[in-house]
Amino acid sequence: MNSEPAAWKDPGNHGLKSNSTMGWTMTVKQTTTNQGQQNRRNFLKTTAATAAVAGSIPYFAWNEKAFANQDKNDRPVIGCIGVGSMGSGDARGHNGFGDIVAVCDADSGRAEKARLDKNIGKGKADAYADYRKVLDRSDIDVVSVVTPDHWHVKIAIEALQAGKHVFCQKPLTLTLEENQLIRNACNKYNKQVFLVGTQQRSSRDKFLRAINMVQKGLLGDIQKITVGIGGGPRGGPFSTSTPPKELNWDYWLGQAPKVDYIDKRCHYQFRWWYEYSGGKFTDWGAHHVDIATWAIGEDKEGMGPVEIDGSDAKHPVPYEDGYTTVADSYNTSHDYAVNCKFASGVQMIVTSRGDNGILFEGTKGRIFVSRGKITGTPIEQKWDDGKFDASDLTRLYKDKPAEGHKNNFYRCIREGGQTVSDVFSHVQAMNTCHLSAIAARLGRTIKWDPKEEQIVGDDQAATFFARTPRKGFEIPVV
């Protein structure tokens with residue numbers, strides 16, 4: 001992989017324990033024998049190649065039990081980058097499918113906790129503060145990226161460059177430009193499998209049922225979709241303080257502007273600062289806008305809204321020209337109803353008001369779906385009786401069987417094919433999420449050319465397309 005920029009110094013281990021003596025430029029000590037590693041990689045490549053040639057192969061149960069019974073040399077070797085609460089949960093999920101040999105976090109306390117976790121590192125994995133050391137290990141097949149949002153794309157692209165299969169949590173991107181960067185990378189490194197952590201795409205009885213009803217026209221022509229994603233919290237002013245000794249704050253900030261440490265900027269609370277995330281627009285939006293976009297078939301490149309009205313949006317702090325005027329309080333929108341209009345005439349209202357979930361309204365009927373329920377007359381009267389079966393699920397799963405989210409990921413690694421939650425459709429939903437946030441920040445309507453992927457007719461709004469990263473934290477352009 002590329003050497004690190006001169007301005008980016010190795011953050012060191014920050015007290016992390018490790019079972020190897022690997023340094024940034026040292027030869028990696030393998031966790032498997034060369035013969036075992038070659039056997040495993042050959043197995044992964046051979047099964048995927050067989051699937052590509054044959055077009056399809058029998059459906060095996062790529063579940064935790066099946067992987068656990070495999071020879072160790074055939075099990076994927078995994079590195080987990082970002083092991084906070086969400087990252088550790090994902091790591092435990094990966095643990096059933098492979099062997100975790102490395103964990104990494106800018107917070108050494110979190111990394112050490114994951115290293116010792118009996119369902120993650122088992123006291124045997126190496127712990128790092130620098131993710132590049134994970135990517136530099138030739139024995140690792142799969143990386144799980146569950147960092148703050150502003151780190152996702154940089155690490156994911158570098159992981160693809162290093163030949164790794166990638167699982168990355170949502171929201172995948174921080175900006176509209178990052179959507180293009182990660183899509184380009186996936187096109188270039190198309191032998192690697194990539195799964196985005198939008199697990200609602202694997203919800204058969206609710207979200208997939210709703211999508212099937214919409215796509216088969218059972219609700220008639222869809223006219224309006226209300227996407228309820230909740231509002232972000234209000235908080236602050238917060239005081240600055242000295243970062244905890246186990247946290248490398250400068251490294252955590254990455255591409256974002258350098259600022260004094262505030263504990264509410266870090267770990268989970270980073271979501272409520274536009275510097276690192278997009279508030280609820282990209283938090284729950286990455287889930288619900290994704291499902292809505294998939295349902296109406298606006299999930300292909302060149303598609304998307306053409307007009308986004310953010311005039312009905314409020315923020316918890318003062319704004320000028322789309323930027324907050326204070327630095328000590330949460331700054332993402334907490335109250336909004338953004339109207340996204342598509343060329344087809346469909347309106348998608350992305351809102352903090354009402355129930356969390358998606359309301360589809362068609363010319364024949366309407367349904368509401370969330371993680372907890374799916375309701376409406378079409379559901380109560382079973383309009384889809386006999387019209388939602390295993391073949392429909394297989395179609396939605398891109399000719400794979402319907403199964404758990406990570407099961408699908410590891411199946412695609414073994415068999416080839418595209419995951420149920422792929423980068424290409426995800427960035428289409430993220431375009432809508434980012435555009436909603438930009439329109440809300442500016443408090444006005446903006447126009448989007450989905451084919452050219454440009455904000456048009458508004459020079460100021462167009463400046464929000466990308467961000468200038470801090471020197472030394474640039475994202476690779478491939």
# chains A, B, ... in the order shown; residues from 1 in each chain; ligands from 1
>>> residues_around(residues="Leu218 (chain A)", least_positions_apart="5", cutoff="9 Å", atoms="only C-alpha atoms", output="number ranges by chain")
A: 212-213, 362, 364-365, 378, 383-384
>>> closest_atom_pairs(of="region 203-252 of chain A", to="region 303-320 of chain A", cutoff="9 Å", atoms="only C-alpha atoms", output="JSON lines")
{"residue": "A:Pro233", "atom": "CA", "partner": "A:Pro316", "partner_atom": "CA", "distance": 8.5}
{"residue": "A:Arg234", "atom": "CA", "partner": "A:Pro316", "partner_atom": "CA", "distance": 5.8}
{"residue": "A:Gly235", "atom": "CA", "partner": "A:Pro316", "partner_atom": "CA", "distance": 7.9}
>>> atom_distance(atom1="CA of Val83 (chain A)", atom2="CA of Lys133 (chain A)")
15.4 Å
>>> residues_around(residues="Leu359 (chain A)", least_positions_apart="6", cutoff="6 Å", atoms="only C-alpha atoms", output="mmCIF file with C-alpha atoms, in the first residue's frame")
data_model
loop_
_atom_site.group_PDB
_atom_site.id
_atom_site.type_symbol
_atom_site.label_atom_id
_atom_site.label_comp_id
_atom_site.auth_asym_id
_atom_site.auth_seq_id
_atom_site.Cartn_x
_atom_site.Cartn_y
_atom_site.Cartn_z
ATOM 1 C CA ILE A 225 -42.891 8.798 0.514
ATOM 2 C CA THR A 226 -42.471 10.120 4.039
ATOM 3 C CA ILE A 367 -48.313 1.137 3.885
ATOM 4 C CA PHE A 368 -46.041 2.090 6.762
#
>>> closest_residue(among="A:Thr147, A:Thr351, A:Ser203, A:Ser85", to="Gly230 (chain A)", atoms="only C-alpha atoms")
A:Thr351
>>> atom_distance(atom1="CA of Trp284 (chain A)", atom2="CA of Arg204 (chain A)")
18.9 Å
>>> closest_residue(among="A:Gln347, A:Gln192, A:Ser108, A:Ser88", to="Gly416 (chain A)", atoms="only C-alpha atoms")
A:Gln192
>>> select_by_dssp(residues="region 235-462 of chain A", states="helix (DSSP H, G or I)", output="PyMOL selection string")
chain A and resi 249-253+263-265+267-272+280-283+285-295+377-380+390-396+405-415+423-442+459-462
>>> atom_distance(atom1="CA of Pro237 (chain A)", atom2="CA of Asp328 (chain A)")
5.0 Å
>>> closest_residue(among="A:Ile157, A:Val142, A:Ala429, A:Ala111", to="Gly302 (chain A)", atoms="only C-alpha atoms")
A:Ala429
